[in-house]
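Undergrad: Structure provided below as structure tokens; questions to follow.
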Amino acid sequence: MKSSLVGQAVILAALALIPAAGEAIYFRDKISWRSAFAPSEMVTVEQARAWGENAIWVDARPDEEFARDHVPGALLLNEDRWNELVPQFLVVWSPGKKIVVYCSSLSCNASREVARRLRKETQLSDVFVLEGGWEAWMKKNR
Amino acid sequence: MDEEEQMKETPSVQRPTPNAELSAGATTSNIKHRTSNIFWRIFDFVLAGIFIYAGALKAFDPVQFASDIDNYKLLPWPVSVALAFYLPWLEIFCALGLVFRFLYRGALSILTASIVVFTLATIAAKVRGLDITCGCFGHASQHWSFPAHLVTNLAILAALLMLSFRAPSACRRQN
């Protein structure tokens, strides 16, 4: 009985490999096997600060965290109120400006999501994710 | 004269058997058995539906799912990518196993193991203070709170365990 259970599980596991391999081939250009984000899409605090006025800082954290504190001049743009905040962001944006998106820390996902949606939905390029997020910015600035 | 003696004397006389009672009893038991079977089949279908839905959402967006797995900070990125391609299909195949009763016990054991691993990973992430989306139902579960996520996983686990305890007898009958 135990061996048949293992056998059944192995067969199912092997069957699932077939479509998974097909999908991996289909998506080969849309995902990197080396890094979650291409290094060219990440930016450090120092690099982003060096851009000075040429950078727009975007805070992807929830409203309350933004209200508590944020990078000076940063715009609030989180997924909770995406449809409401994107038009406000686009008013401030101008061609040639680099967009630096951050969330709370290295482990948070919000900045990646907001950066991904900015690229996909507003067709903006020059969108970067701040390495280490707000925590890293605080360490370097306070 | 008792019944045995009467039988000896008149062999052509039939022994009175409670056929009607037996038949009624068997029918009642049969109805109960069928009702129970229908109940468990519905249970199979509901669980299979949940896993097919969850698997399909993730299979359509493996890039997002890879990112969700990576957020748990438990595995290297290439492993997250491989799992993002593989796990949704494993869920779908196991769910189909429940629907068609094909490799049924194997499907149940894989689904049970995977929900246990997901639940432990979620608890570990919470303990480490990670602010992440669970990714279990793709974008649909993006704003789930930790308790909602945990309750859902535990409910699914309980349902799978109930099916597992019933599986051996059910499989003997069906296979």
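Starting from 1 in every chain, residues are counted up; chains themselves are A, B, ... following the order of the structure tokens, and ligands are numbered from 1 as listed.
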Could I get the residues of chain A with an atom no further than 7 Å from an atom of chain B, each paired with its nearest atom pair and that distance in Å to one decimal, using only C-alpha atoms, sorted by chain and residue number, as a tab-separated table?

TA:
```
residue	atom	partner	partner_atom	distance
A:Leu5	CA	B:Gly106	CA	5.1
A:Val6	CA	B:Gly106	CA	6.7
A:Gln8	CA	B:Gly106	CA	4.6
A:Ala9	CA	B:Gly106	CA	4.2
A:Leu12	CA	B:Phe93	CA	6.7
A:Ala13	CA	B:Leu90	CA	6.4
A:Ala16	CA	B:Leu90	CA	4.9
A:Leu17	CA	B:Tyr86	CA	6.4
A:Pro19	CA	B:Trp89	CA	6.9
A:Ala20	CA	B:Tyr86	CA	4.9
A:Glu23	CA	B:Phe85	CA	6.6
A:Ala24	CA	B:Phe85	CA	6.3
A:Ile31	CA	B:Val63	CA	6.2
A:Trp33	CA	B:Pro78	CA	5.1
A:Arg34	CA	B:Pro78	CA	6.2
A:Ser35	CA	B:Trp77	CA	6.1
A:Ala36	CA	B:Trp77	CA	6.4
A:Ser107	CA	B:Leu130	CA	6.2
A:Cys108	CA	B:Asp131	CA	5.6
A:Asn109	CA	B:Ile132	CA	6.4
```

Undergrad: Give the helix (DSSP H, G or I) residues of chain A, as DSSP finds them on the backbone, and put them as a PyMOL selection string.

TA: chain A and resi 2-26+39-41+45-50+52-54+63-68+82-92+110-121+133-141

Undergrad: Can you pull out the residues contacting Gly132 in chain A? Cut-off 7 Å, using only C-alpha atoms, and skip same-chain residues under 2 positions away; I want them as a PyMOL selection string.

TA: chain A and resi 105-106+130+134-136

Undergrad: Residues within 8 Å of Val114 in chain A, please, as a PyMOL selection string. Count only C-alpha atoms; anything in the same chain fewer than 4 positions from it doesn't count.

TA: chain A and resi 60+77-79+101+110+118

Undergrad: If I take CA of Leu90 in chain A and CA of Lys139 in chain A, how far is one from the other in Å, to one decimal?

TA: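 The value is 29.4 Å.
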
Undergrad: Under the rule that only C-alpha atoms are counted, which of A:Ala21, A:Trp51, A:Ser4, A:Glu41 is the nearest residue to Ala115 in chain A?

TA: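 Closest to Ala115 in chain A of all the choices is A:Glu41.
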